[in-house]
Amino acid sequence: MQKHGVSLAEAARRLGISQSALYVAVQKGQIPTFRKGGRTVVLQGSLTDYQVRQRPTSPYRL
């Protein structure tokens, strides 16, 4: 199975955060990465997972 991912710059853009903030999240292990062709890339699913985990939770249920 071949992995498809996006560059770190593209990942930061899609998440709406700075590249510095993305690098911190990667170093903390919050966003997994892998190497492809000498470049560090992030899977789209990893971005989605991170977004879900970062959403504030509401104390109210509808």
# chains A, B, ... in the order shown; residues from 1 in each chain; ligands from 1
call {"tool": "residues_around", "arguments": {"residues": "region 47-49 of chain A", "least_positions_apart": "4", "cutoff": "12 Å", "atoms": "only C-alpha atoms", "output": "JSON, numbers by chain"}}
result
{"A": [5, 6, 7, 8, 10, 11, 12, 13, 14, 15, 16, 17, 22, 25, 26, 30, 31, 32, 33, 41, 42, 43, 53, 54, 55]}
call {"tool": "atom_distance", "arguments": {"atom1": "CA of Lys36 (chain A)", "atom2": "CA of Gln51 (chain A)"}}
result
23.2 Å
call {"tool": "select_by_dssp", "arguments": {"residues": "chain A", "states": "strand (DSSP E)", "output": "PyMOL selection string"}}
result
chain A and resi 5-7+34-36+39-43
call {"tool": "write_last_selection", "arguments": {"atoms": "C-alpha atoms", "output": "PDB file, in the first residue's frame"}}
result
ATOM      1  CA  GLY A   5       0.633  12.717   2.118  1.00  0.00           C
ATOM      2  CA  VAL A   6       1.134  16.456   2.047  1.00  0.00           C
ATOM      3  CA  SER A   7       4.191  18.556   2.806  1.00  0.00           C
ATOM      4  CA  PHE A  34       6.749   9.742   7.601  1.00  0.00           C
ATOM      5  CA  ARG A  35       9.558  10.141   5.110  1.00  0.00           C
ATOM      6  CA  LYS A  36       8.900   9.855   1.377  1.00  0.00           C
ATOM      7  CA  ARG A  39      10.823  14.656   2.420  1.00  0.00           C
ATOM      8  CA  THR A  40       8.753  14.652   5.585  1.00  0.00           C
ATOM      9  CA  VAL A  41       5.046  14.325   4.840  1.00  0.00           C
ATOM     10  CA  VAL A  42       1.800  14.083   6.786  1.00  0.00           C
ATOM     11  CA  LEU A  43      -1.147  11.846   5.924  1.00  0.00           C
TER      12      LEU A  43
END
call {"tool": "select_by_dssp", "arguments": {"residues": "chain A", "states": "helix (DSSP H, G or I)", "output": "JSON, numbers by chain"}}
result
{"A": [8, 9, 10, 11, 12, 13, 14, 15, 19, 20, 21, 22, 23, 24, 25, 26, 27, 44, 45, 46, 47, 48, 49, 50, 51, 52, 53, 54]}
call {"tool": "atom_distance", "arguments": {"atom1": "CA of Ala21 (chain A)", "atom2": "CA of Tyr50 (chain A)"}}
result
12.6 Å
call {"tool": "atom_distance", "arguments": {"atom1": "CA of Ala9 (chain A)", "atom2": "CA of Pro56 (chain A)"}}
result
24.4 Å
call {"tool": "decode", "arguments": {"residues": "region 21-54 of chain A", "atoms": "N, CA, C and O atoms", "output": "PDB file, in the first residue's frame"}}
result
ATOM      1  N   ALA A  21       4.062  26.255  14.672  1.00  0.00           N
ATOM      2  CA  ALA A  21       3.116  25.528  15.520  1.00  0.00           C
ATOM      3  C   ALA A  21       2.995  24.078  15.060  1.00  0.00           C
ATOM      4  O   ALA A  21       2.892  23.161  15.879  1.00  0.00           O
ATOM      5  N   LEU A  22       3.043  23.868  13.751  1.00  0.00           N
ATOM      6  CA  LEU A  22       2.979  22.509  13.229  1.00  0.00           C
ATOM      7  C   LEU A  22       4.204  21.716  13.656  1.00  0.00           C
ATOM      8  O   LEU A  22       4.087  20.573  14.091  1.00  0.00           O
ATOM      9  N   TYR A  23       5.392  22.330  13.561  1.00  0.00           N
ATOM     10  CA  TYR A  23       6.620  21.637  13.959  1.00  0.00           C
ATOM     11  C   TYR A  23       6.572  21.243  15.433  1.00  0.00           C
ATOM     12  O   TYR A  23       7.015  20.156  15.806  1.00  0.00           O
ATOM     13  N   VAL A  24       6.019  22.108  16.275  1.00  0.00           N
ATOM     14  CA  VAL A  24       5.885  21.791  17.703  1.00  0.00           C
ATOM     15  C   VAL A  24       4.969  20.589  17.882  1.00  0.00           C
ATOM     16  O   VAL A  24       5.279  19.664  18.633  1.00  0.00           O
ATOM     17  N   ALA A  25       3.828  20.579  17.183  1.00  0.00           N
ATOM     18  CA  ALA A  25       2.885  19.464  17.291  1.00  0.00           C
ATOM     19  C   ALA A  25       3.521  18.165  16.800  1.00  0.00           C
ATOM     20  O   ALA A  25       3.313  17.108  17.400  1.00  0.00           O
ATOM     21  N   VAL A  26       4.321  18.240  15.742  1.00  0.00           N
ATOM     22  CA  VAL A  26       5.007  17.055  15.224  1.00  0.00           C
ATOM     23  C   VAL A  26       6.018  16.552  16.252  1.00  0.00           C
ATOM     24  O   VAL A  26       6.076  15.362  16.546  1.00  0.00           O
ATOM     25  N   GLN A  27       6.796  17.467  16.829  1.00  0.00           N
ATOM     26  CA  GLN A  27       7.809  17.069  17.814  1.00  0.00           C
ATOM     27  C   GLN A  27       7.176  16.475  19.070  1.00  0.00           C
ATOM     28  O   GLN A  27       7.761  15.598  19.695  1.00  0.00           O
ATOM     29  N   LYS A  28       5.981  16.944  19.432  1.00  0.00           N
ATOM     30  CA  LYS A  28       5.277  16.406  20.600  1.00  0.00           C
ATOM     31  C   LYS A  28       4.604  15.072  20.296  1.00  0.00           C
ATOM     32  O   LYS A  28       4.055  14.441  21.179  1.00  0.00           O
ATOM     33  N   GLY A  29       4.613  14.686  19.030  1.00  0.00           N
ATOM     34  CA  GLY A  29       3.992  13.426  18.642  1.00  0.00           C
ATOM     35  C   GLY A  29       2.493  13.533  18.423  1.00  0.00           C
ATOM     36  O   GLY A  29       1.798  12.528  18.312  1.00  0.00           O
ATOM     37  N   GLN A  30       1.980  14.751  18.332  1.00  0.00           N
ATOM     38  CA  GLN A  30       0.543  14.960  18.137  1.00  0.00           C
ATOM     39  C   GLN A  30       0.127  14.739  16.688  1.00  0.00           C
ATOM     40  O   GLN A  30      -1.036  14.461  16.414  1.00  0.00           O
ATOM     41  N   ILE A  31       1.066  14.912  15.776  1.00  0.00           N
ATOM     42  CA  ILE A  31       0.815  14.697  14.354  1.00  0.00           C
ATOM     43  C   ILE A  31       1.907  13.774  13.825  1.00  0.00           C
ATOM     44  O   ILE A  31       3.071  14.178  13.739  1.00  0.00           O
ATOM     45  N   PRO A  32       1.560  12.530  13.490  1.00  0.00           N
ATOM     46  CA  PRO A  32       2.578  11.615  12.973  1.00  0.00           C
ATOM     47  C   PRO A  32       2.992  11.986  11.544  1.00  0.00           C
ATOM     48  O   PRO A  32       2.184  12.479  10.759  1.00  0.00           O
ATOM     49  N   THR A  33       4.251  11.760  11.244  1.00  0.00           N
ATOM     50  CA  THR A  33       4.789  12.025   9.911  1.00  0.00           C
ATOM     51  C   THR A  33       5.541  10.788   9.431  1.00  0.00           C
ATOM     52  O   THR A  33       5.785   9.860  10.197  1.00  0.00           O
ATOM     53  N   PHE A  34       5.887  10.787   8.152  1.00  0.00           N
ATOM     54  CA  PHE A  34       6.749   9.742   7.601  1.00  0.00           C
ATOM     55  C   PHE A  34       7.602  10.365   6.510  1.00  0.00           C
ATOM     56  O   PHE A  34       7.336  11.479   6.062  1.00  0.00           O
ATOM     57  N   ARG A  35       8.644   9.663   6.133  1.00  0.00           N
ATOM     58  CA  ARG A  35       9.558  10.141   5.110  1.00  0.00           C
ATOM     59  C   ARG A  35       9.207   9.510   3.772  1.00  0.00           C
ATOM     60  O   ARG A  35       8.946   8.315   3.696  1.00  0.00           O
ATOM     61  N   LYS A  36       9.181  10.336   2.732  1.00  0.00           N
ATOM     62  CA  LYS A  36       8.900   9.855   1.377  1.00  0.00           C
ATOM     63  C   LYS A  36       9.795  10.625   0.416  1.00  0.00           C
ATOM     64  O   LYS A  36       9.682  11.848   0.326  1.00  0.00           O
ATOM     65  N   GLY A  37      10.673   9.905  -0.242  1.00  0.00           N
ATOM     66  CA  GLY A  37      11.575  10.557  -1.194  1.00  0.00           C
ATOM     67  C   GLY A  37      12.451  11.618  -0.558  1.00  0.00           C
ATOM     68  O   GLY A  37      12.712  12.651  -1.166  1.00  0.00           O
ATOM     69  N   GLY A  38      12.847  11.415   0.684  1.00  0.00           N
ATOM     70  CA  GLY A  38      13.699  12.378   1.365  1.00  0.00           C
ATOM     71  C   GLY A  38      12.956  13.547   1.978  1.00  0.00           C
ATOM     72  O   GLY A  38      13.574  14.445   2.535  1.00  0.00           O
ATOM     73  N   ARG A  39      11.633  13.559   1.868  1.00  0.00           N
ATOM     74  CA  ARG A  39      10.823  14.656   2.420  1.00  0.00           C
ATOM     75  C   ARG A  39       9.956  14.136   3.548  1.00  0.00           C
ATOM     76  O   ARG A  39       9.536  12.985   3.549  1.00  0.00           O
ATOM     77  N   THR A  40       9.659  14.998   4.497  1.00  0.00           N
ATOM     78  CA  THR A  40       8.753  14.652   5.585  1.00  0.00           C
ATOM     79  C   THR A  40       7.347  15.033   5.153  1.00  0.00           C
ATOM     80  O   THR A  40       7.108  16.161   4.710  1.00  0.00           O
ATOM     81  N   VAL A  41       6.424  14.082   5.256  1.00  0.00           N
ATOM     82  CA  VAL A  41       5.046  14.325   4.840  1.00  0.00           C
ATOM     83  C   VAL A  41       4.082  13.872   5.932  1.00  0.00           C
ATOM     84  O   VAL A  41       4.431  13.102   6.819  1.00  0.00           O
ATOM     85  N   VAL A  42       2.857  14.375   5.825  1.00  0.00           N
ATOM     86  CA  VAL A  42       1.800  14.083   6.786  1.00  0.00           C
ATOM     87  C   VAL A  42       0.617  13.494   6.019  1.00  0.00           C
ATOM     88  O   VAL A  42       0.223  14.019   4.979  1.00  0.00           O
ATOM     89  N   LEU A  43       0.047  12.421   6.534  1.00  0.00           N
ATOM     90  CA  LEU A  43      -1.147  11.846   5.924  1.00  0.00           C
ATOM     91  C   LEU A  43      -2.362  12.733   6.180  1.00  0.00           C
ATOM     92  O   LEU A  43      -2.474  13.336   7.253  1.00  0.00           O
ATOM     93  N   GLN A  44      -3.279  12.806   5.216  1.00  0.00           N
ATOM     94  CA  GLN A  44      -4.491  13.597   5.383  1.00  0.00           C
ATOM     95  C   GLN A  44      -5.272  13.128   6.612  1.00  0.00           C
ATOM     96  O   GLN A  44      -5.810  13.928   7.362  1.00  0.00           O
ATOM     97  N   GLY A  45      -5.316  11.827   6.837  1.00  0.00           N
ATOM     98  CA  GLY A  45      -6.027  11.297   7.998  1.00  0.00           C
ATOM     99  C   GLY A  45      -5.436  11.792   9.307  1.00  0.00           C
ATOM    100  O   GLY A  45      -6.158  12.022  10.278  1.00  0.00           O
ATOM    101  N   SER A  46      -4.131  11.981   9.343  1.00  0.00           N
ATOM    102  CA  SER A  46      -3.478  12.506  10.543  1.00  0.00           C
ATOM    103  C   SER A  46      -3.902  13.946  10.802  1.00  0.00           C
ATOM    104  O   SER A  46      -4.077  14.354  11.949  1.00  0.00           O
ATOM    105  N   LEU A  47      -4.077  14.717   9.728  1.00  0.00           N
ATOM    106  CA  LEU A  47      -4.539  16.101   9.878  1.00  0.00           C
ATOM    107  C   LEU A  47      -5.959  16.131  10.427  1.00  0.00           C
ATOM    108  O   LEU A  47      -6.274  16.914  11.334  1.00  0.00           O
ATOM    109  N   THR A  48      -6.815  15.272   9.889  1.00  0.00           N
ATOM    110  CA  THR A  48      -8.201  15.203  10.346  1.00  0.00           C
ATOM    111  C   THR A  48      -8.261  14.794  11.814  1.00  0.00           C
ATOM    112  O   THR A  48      -8.989  15.403  12.605  1.00  0.00           O
ATOM    113  N   ASP A  49      -7.482  13.787  12.185  1.00  0.00           N
ATOM    114  CA  ASP A  49      -7.447  13.339  13.585  1.00  0.00           C
ATOM    115  C   ASP A  49      -7.011  14.470  14.506  1.00  0.00           C
ATOM    116  O   ASP A  49      -7.582  14.673  15.574  1.00  0.00           O
ATOM    117  N   TYR A  50      -5.995  15.216  14.109  1.00  0.00           N
ATOM    118  CA  TYR A  50      -5.499  16.324  14.921  1.00  0.00           C
ATOM    119  C   TYR A  50      -6.576  17.395  15.080  1.00  0.00           C
ATOM    120  O   TYR A  50      -6.781  17.906  16.176  1.00  0.00           O
ATOM    121  N   GLN A  51      -7.269  17.724  13.981  1.00  0.00           N
ATOM    122  CA  GLN A  51      -8.330  18.727  14.048  1.00  0.00           C
ATOM    123  C   GLN A  51      -9.424  18.308  15.025  1.00  0.00           C
ATOM    124  O   GLN A  51      -9.907  19.126  15.801  1.00  0.00           O
ATOM    125  N   VAL A  52      -9.812  17.054  14.982  1.00  0.00           N
ATOM    126  CA  VAL A  52     -10.857  16.556  15.876  1.00  0.00           C
ATOM    127  C   VAL A  52     -10.403  16.660  17.328  1.00  0.00           C
ATOM    128  O   VAL A  52     -11.156  17.094  18.198  1.00  0.00           O
ATOM    129  N   ARG A  53      -9.174  16.284  17.602  1.00  0.00           N
ATOM    130  CA  ARG A  53      -8.659  16.341  18.974  1.00  0.00           C
ATOM    131  C   ARG A  53      -8.528  17.770  19.476  1.00  0.00           C
ATOM    132  O   ARG A  53      -8.609  18.017  20.675  1.00  0.00           O
ATOM    133  N   GLN A  54      -8.331  18.738  18.579  1.00  0.00           N
ATOM    134  CA  GLN A  54      -8.131  20.127  18.988  1.00  0.00           C
ATOM    135  C   GLN A  54      -9.437  20.898  19.156  1.00  0.00           C
ATOM    136  O   GLN A  54      -9.424  21.997  19.690  1.00  0.00           O
TER     137      GLN A  54
END
